[in-house]
file start16.cif (mmCIF, C-alpha atoms)
data_protein
#
loop_
_atom_site.label_atom_id
_atom_site.label_comp_id
_atom_site.auth_asym_id
_atom_site.auth_seq_id
_atom_site.Cartn_x
_atom_site.Cartn_y
_atom_site.Cartn_z
CA MET F 1 8.82 17.10 18.01
CA ASN F 2 10.79 18.31 14.96
CA THR F 3 13.69 20.12 16.69
CA VAL F 4 15.67 19.30 19.80
CA GLU F 5 18.75 20.71 21.53
CA VAL F 6 21.00 18.26 23.37
CA SER F 7 24.23 18.44 25.33
CA ALA F 8 26.80 15.73 26.05
CA LYS F 9 30.51 15.26 26.69
CA THR F 10 31.21 14.70 23.00
CA VAL F 11 29.60 15.67 19.70
CA GLU F 12 29.04 11.99 18.94
CA ASP F 13 27.24 11.40 22.24
CA ALA F 14 25.06 14.47 21.74
CA LEU F 15 24.18 13.38 18.21
CA GLU F 16 23.26 9.88 19.38
CA GLU F 17 21.07 11.26 22.17
CA GLY F 18 19.34 13.69 19.82
CA LEU F 19 18.57 10.99 17.26
CA LYS F 20 17.17 8.80 20.03
CA ILE F 21 14.86 11.58 21.24
CA LEU F 22 13.63 12.39 17.73
CA GLY F 23 13.35 8.72 16.75
CA VAL F 24 14.87 9.21 13.28
CA LYS F 25 18.02 8.25 11.38
CA ARG F 26 21.04 10.49 10.81
CA GLU F 27 20.31 11.15 7.11
CA ASN F 28 16.96 12.69 7.99
CA VAL F 29 18.20 15.44 10.30
CA GLN F 30 20.00 18.74 9.96
CA VAL F 31 22.68 19.13 12.64
CA GLU F 32 23.81 22.51 13.94
CA THR F 33 26.68 22.71 16.40
CA LEU F 34 25.87 25.30 19.07
CA SER F 35 29.05 24.74 21.09
CA GLU F 36 32.08 22.49 20.92
CA PRO F 37 33.21 20.49 23.96
CA ALA F 38 36.08 22.05 25.92
CA GLN F 39 38.08 20.87 28.90
CA GLY F 40 38.02 23.01 32.04
CA ILE F 41 40.79 23.76 34.49
CA PHE F 42 42.59 20.61 35.68
CA LYS F 43 40.42 18.66 33.17
CA PHE F 44 37.39 18.53 35.43
CA ILE F 45 36.41 22.02 36.66
CA SER F 46 33.73 23.76 34.52
CA SER F 47 34.27 21.49 31.55
CA LYS F 48 32.16 22.62 28.59
CA GLN F 49 29.90 20.09 26.90
CA ALA F 50 29.07 19.77 23.24
CA LYS F 51 25.68 21.23 22.38
CA LEU F 52 23.79 20.42 19.18
CA ARG F 53 20.50 21.42 17.62
CA LEU F 54 18.89 18.67 15.53
CA THR F 55 16.05 19.39 13.12
CA VAL F 56 14.08 16.69 11.32
CA LEU F 57 14.14 17.30 7.56
CA LYS F 58 11.05 15.23 6.69
CA ASP F 59 8.32 13.87 8.93
CA ALA F 60 6.93 10.38 8.36
CA GLU F 61 4.27 11.52 5.88
CA GLU F 62 6.69 13.57 3.79
CA TYR F 63 9.33 10.85 3.84
CA ILE F 64 7.01 8.13 2.55
CA GLN F 65 5.38 10.49 0.04
CA ASP F 66 8.84 11.20 -1.38
CA PHE F 67 9.56 7.44 -1.38
CA PHE F 68 6.51 6.78 -3.56
CA ARG F 69 7.34 9.71 -5.84
CA LYS F 70 10.79 8.26 -6.49
CA ILE F 71 9.26 4.89 -7.43
CA VAL F 72 6.81 6.55 -9.84
CA GLN F 73 9.64 8.51 -11.42
CA ALA F 74 11.88 5.44 -11.67
CA VAL F 75 9.15 3.44 -13.43
CA GLY F 76 8.74 6.26 -15.92
CA VAL F 77 5.02 6.99 -15.59
CA GLU F 78 3.15 10.18 -14.75
CA GLY F 79 1.54 9.95 -11.34
CA ARG F 80 0.62 12.21 -8.47
CA VAL F 81 1.13 11.04 -4.89
CA ASP F 82 -1.31 12.44 -2.33
CA ILE F 83 -1.81 11.87 1.38
CA VAL F 84 -5.50 11.03 1.61
CA SER F 85 -5.78 10.78 5.38
CA ASN F 86 -3.74 10.35 8.53
CA GLU F 87 -5.72 8.27 11.00
CA GLU F 88 -4.86 6.97 14.44
CA ASP F 89 -3.49 3.70 13.06
CA ASN F 90 -2.97 4.27 9.32
CA ILE F 91 -1.59 6.83 6.89
CA HIS F 92 -3.41 6.51 3.55
CA PHE F 93 -1.68 7.42 0.27
CA GLU F 94 -3.23 7.56 -3.20
CA ILE F 95 -1.43 7.60 -6.55
CA THR F 96 -3.44 9.00 -9.46
CA GLY F 97 -2.57 9.47 -13.12
CA GLU F 98 -2.67 7.65 -16.44
CA ASN F 99 -1.35 4.25 -17.47
CA LEU F 100 -0.60 3.22 -13.90
CA GLY F 101 -1.34 -0.45 -14.45
CA ILE F 102 2.37 -1.26 -14.20
CA LEU F 103 2.32 0.07 -10.62
CA ILE F 104 -0.70 -2.07 -9.73
CA GLY F 105 0.51 -5.33 -11.28
CA LYS F 106 -1.35 -8.59 -11.66
CA ARG F 107 -4.09 -8.77 -8.99
CA GLY F 108 -2.42 -5.86 -7.21
CA ASN F 109 0.88 -7.68 -6.58
CA THR F 110 3.06 -4.68 -7.40
CA LEU F 111 0.81 -2.35 -5.40
CA ASN F 112 1.02 -4.66 -2.39
CA ALA F 113 4.82 -4.90 -2.74
CA MET F 114 5.11 -1.10 -2.78
CA GLN F 115 2.94 -0.85 0.32
CA TYR F 116 5.03 -3.50 2.10
CA LEU F 117 8.32 -1.75 1.24
CA ALA F 118 6.93 1.60 2.38
CA ASN F 119 6.11 0.13 5.79
CA VAL F 120 9.61 -1.37 6.06
CA VAL F 121 11.13 2.04 5.25
CA LEU F 122 8.81 3.77 7.72
CA TYR F 123 9.78 1.54 10.65
CA ARG F 124 13.49 1.72 9.81
CA GLN F 125 13.60 5.50 9.50
CA PHE F 126 11.25 6.40 12.36
CA ASP F 127 11.93 4.37 15.49
CA ALA F 128 8.85 5.49 17.43
CA GLN F 129 6.43 5.13 14.52
CA ASN F 130 3.56 2.71 15.11
CA LYS F 131 1.27 3.62 12.21
CA ARG F 132 0.81 1.58 9.05
CA ILE F 133 1.02 2.77 5.47
CA ILE F 134 -1.97 2.01 3.23
CA LEU F 135 -1.43 2.65 -0.49
CA ASP F 136 -4.03 2.73 -3.24
CA ILE F 137 -3.65 3.46 -6.96
CA GLU F 138 -6.53 4.77 -9.07
CA ASN F 139 -9.02 3.47 -6.48
CA TYR F 140 -7.91 -0.12 -7.22
CA ARG F 141 -8.47 -1.41 -3.69
CA PHE F 142 -12.10 -0.28 -3.61
CA LYS F 143 -12.79 -1.88 -7.01
CA ARG F 144 -10.97 -5.07 -5.97
CA LYS F 145 -12.96 -5.17 -2.71
CA LYS F 146 -16.26 -5.05 -4.62
CA THR F 147 -15.04 -7.78 -7.00
CA LEU F 148 -14.05 -10.05 -4.10
CA GLU F 149 -17.32 -9.47 -2.26
CA ASN F 150 -19.28 -10.46 -5.36
CA LEU F 151 -17.01 -13.48 -5.83
CA ALA F 152 -17.58 -14.55 -2.21
CA ARG F 153 -21.36 -14.39 -2.56
CA ASN F 154 -21.36 -16.28 -5.87
CA LEU F 155 -19.10 -19.04 -4.56
CA ALA F 156 -21.20 -19.32 -1.40
CA LEU F 157 -24.21 -20.03 -3.61
CA LYS F 158 -22.16 -22.61 -5.51
CA ALA F 159 -21.17 -24.34 -2.27
CA LEU F 160 -24.82 -24.54 -1.23
CA ARG F 161 -25.99 -25.70 -4.64
CA THR F 162 -23.38 -28.46 -4.95
CA LYS F 163 -23.23 -29.17 -1.19
CA LYS F 164 -19.44 -29.24 -1.52
CA GLU F 165 -16.56 -27.12 -0.31
CA VAL F 166 -15.34 -24.45 -2.70
CA ALA F 167 -11.68 -23.40 -2.56
CA LEU F 168 -10.59 -19.98 -3.76
CA GLU F 169 -7.19 -19.17 -5.25
CA PRO F 170 -4.41 -18.14 -2.83
CA MET F 171 -4.79 -14.56 -1.58
CA ASN F 172 -2.90 -12.18 0.67
CA PRO F 173 -4.21 -11.62 4.23
CA GLN F 174 -5.93 -8.36 3.33
CA GLU F 175 -7.98 -9.97 0.53
CA ARG F 176 -8.78 -13.06 2.59
CA ARG F 177 -10.20 -10.77 5.26
CA ILE F 178 -12.53 -9.22 2.68
CA ILE F 179 -13.89 -12.69 1.82
CA HIS F 180 -14.35 -13.63 5.48
CA LEU F 181 -16.20 -10.39 6.25
CA ALA F 182 -18.39 -10.66 3.14
CA LEU F 183 -19.73 -14.01 4.36
CA LYS F 184 -19.56 -13.38 8.10
CA ASN F 185 -23.32 -12.98 8.47
CA ASN F 186 -24.22 -15.77 6.04
CA ARG F 187 -25.75 -18.49 8.23
CA ASP F 188 -25.62 -21.11 5.48
CA VAL F 189 -21.85 -21.22 4.92
CA VAL F 190 -18.66 -21.02 6.91
CA THR F 191 -15.24 -19.77 5.74
CA SER F 192 -11.84 -21.05 6.81
CA SER F 193 -8.24 -20.46 5.75
CA HIS F 194 -5.90 -23.29 4.78
CA GLY F 195 -2.25 -23.61 3.80
CA GLU F 196 0.91 -21.61 4.38
CA GLU F 197 1.81 -18.16 3.06
CA PRO F 198 2.00 -17.15 0.27
CA TYR F 199 -0.29 -20.01 -0.84
CA ARG F 200 -2.82 -19.68 1.95
CA LYS F 201 -6.39 -19.73 0.62
CA ILE F 202 -9.99 -19.61 1.79
CA VAL F 203 -12.40 -22.55 1.66
CA ILE F 204 -16.15 -21.92 1.70
CA SER F 205 -18.12 -24.81 3.17
CA PRO F 206 -21.87 -25.37 3.56
CA ARG F 207 -22.92 -25.63 7.21
#

call {"tool": "encode", "arguments": {"input": "start16.cif", "output": "structure tokens"}}
result
Amino acid sequence: MNTVEVSAKTVEDALEEGLKILGVKRENVQVETLSEPAQGIFKFISSKQAKLRLTVLKDAEEYIQDFFRKIVQAVGVEGRVDIVSNEEDNIHFEITGENLGILIGKRGNTLNAMQYLANVVLYRQFDAQNKRIILDIENYRFKRKKTLENLARNLALKALRTKKEVALEPMNPQERRIIHLALKNNRDVVTSSHGEEPYRKIVISPR
């Protein structure tokens, strides 16, 4: 629903009701006053309510796409922001261009921070939104996934060879999940997570 017409005793009440129905914030709607409130005879007969038409300026996809574009522009690099897919649970964005390493950061830290902030903005601006933003830059996440899967297999072999636990460096939940899944079907080792965020890490142990 991108447009709604609402009536109430006052303009303020109508605006509040319209924003609640649309599930967006005031800065993201265009407001058109269709009729002003007016008092009827003896202040109660045929009193006229305020009537407004509210139109959403940007849907969730457009809003977050513009958010990423502003970050790219502020950093001073050339990058194109595309919506790759809109699934049931996730909206995937991809930034492509040249010299985008500054947006990825060390081990994807800046990329992950941008993704986190985008989700915060999404939930603040769109009350009824229950999807999650997934951001990738120059296919970094796919490349990182392959690197972590290879790392998991190599360290599993090390754990079996030395018959000792092998602890990985601290990782975010998304990367820890990649390690767990990579070794899920390995019957010779078991993975477990230890510590508190942001220093939580995976330990690979021989069975």

call {"tool": "resolve_selection", "arguments": {"input": "start16.cif", "expression": "the PyMOL selection byres ((chain F and resi 108-114) around 12)", "output": "PyMOL selection string"}}
result
chain F and resi 64-65+67-72+75+93-95+100-107+115-121+133-145+171-175+198

call {"tool": "resolve_selection", "arguments": {"input": "start16.cif", "expression": "the PyMOL selection byres ((chain F and resi 128) around 9)", "output": "PyMOL selection string"}}
result
chain F and resi 22-24+123+126-127+129-130

call {"tool": "atom_distance", "arguments": {"input": "start16.cif", "atom1": "atom CA of F:Glu32", "atom2": "atom CA of F:Lys48"}}
result
16.9 Å

call {"tool": "closest_residue", "arguments": {"input": "start16.cif", "among": "F:Val77, F:Ala8, F:His194, F:Asn86", "to": "F:Asn99", "atoms": "all atoms listed in the file"}}
result
F:Val77

call {"tool": "resolve_selection", "arguments": {"input": "start16.cif", "expression": "the PyMOL selection byres ((chain F and resi 166) around 12)", "output": "PyMOL selection string"}}
result
chain F and resi 151-165+167-169+189-193+201-206

call {"tool": "atom_distance", "arguments": {"input": "start16.cif", "atom1": "atom CA of F:Lys20", "atom2": "atom CA of F:Tyr63"}}
result
18.1 Å

call {"tool": "atom_distance", "arguments": {"input": "start16.cif", "atom1": "atom CA of F:Glu17", "atom2": "atom CA of F:Asn90"}}
result
28.1 Å

call {"tool": "closest_residue", "arguments": {"input": "start16.cif", "among": "F:Lys131, F:Lys58, F:Arg176, F:Arg200", "to": "F:His92", "atoms": "only C-alpha atoms"}}
result
F:Lys131

call {"tool": "axis_aligned_box", "arguments": {"input": "start16.cif", "around": "stretch 83-94 of chain F", "padding_each_side": "5 Å", "output": "lines of an AutoDock Vina configuration file"}}
result
center_x = -3.7
center_y = 7.8
center_z = 5.6
size_x = 14.2
size_y = 18.2
size_z = 27.6

call {"tool": "residues_around", "arguments": {"input": "start16.cif", "residues": "F:Leu15", "least_positions_apart": "2", "cutoff": "8 Å", "atoms": "all atoms listed in the file", "output": "list in words"}}
result
Val6, Val11, Glu12, Asp13, Glu17, Gly18, Leu19, Leu52 and Leu54 of chain F
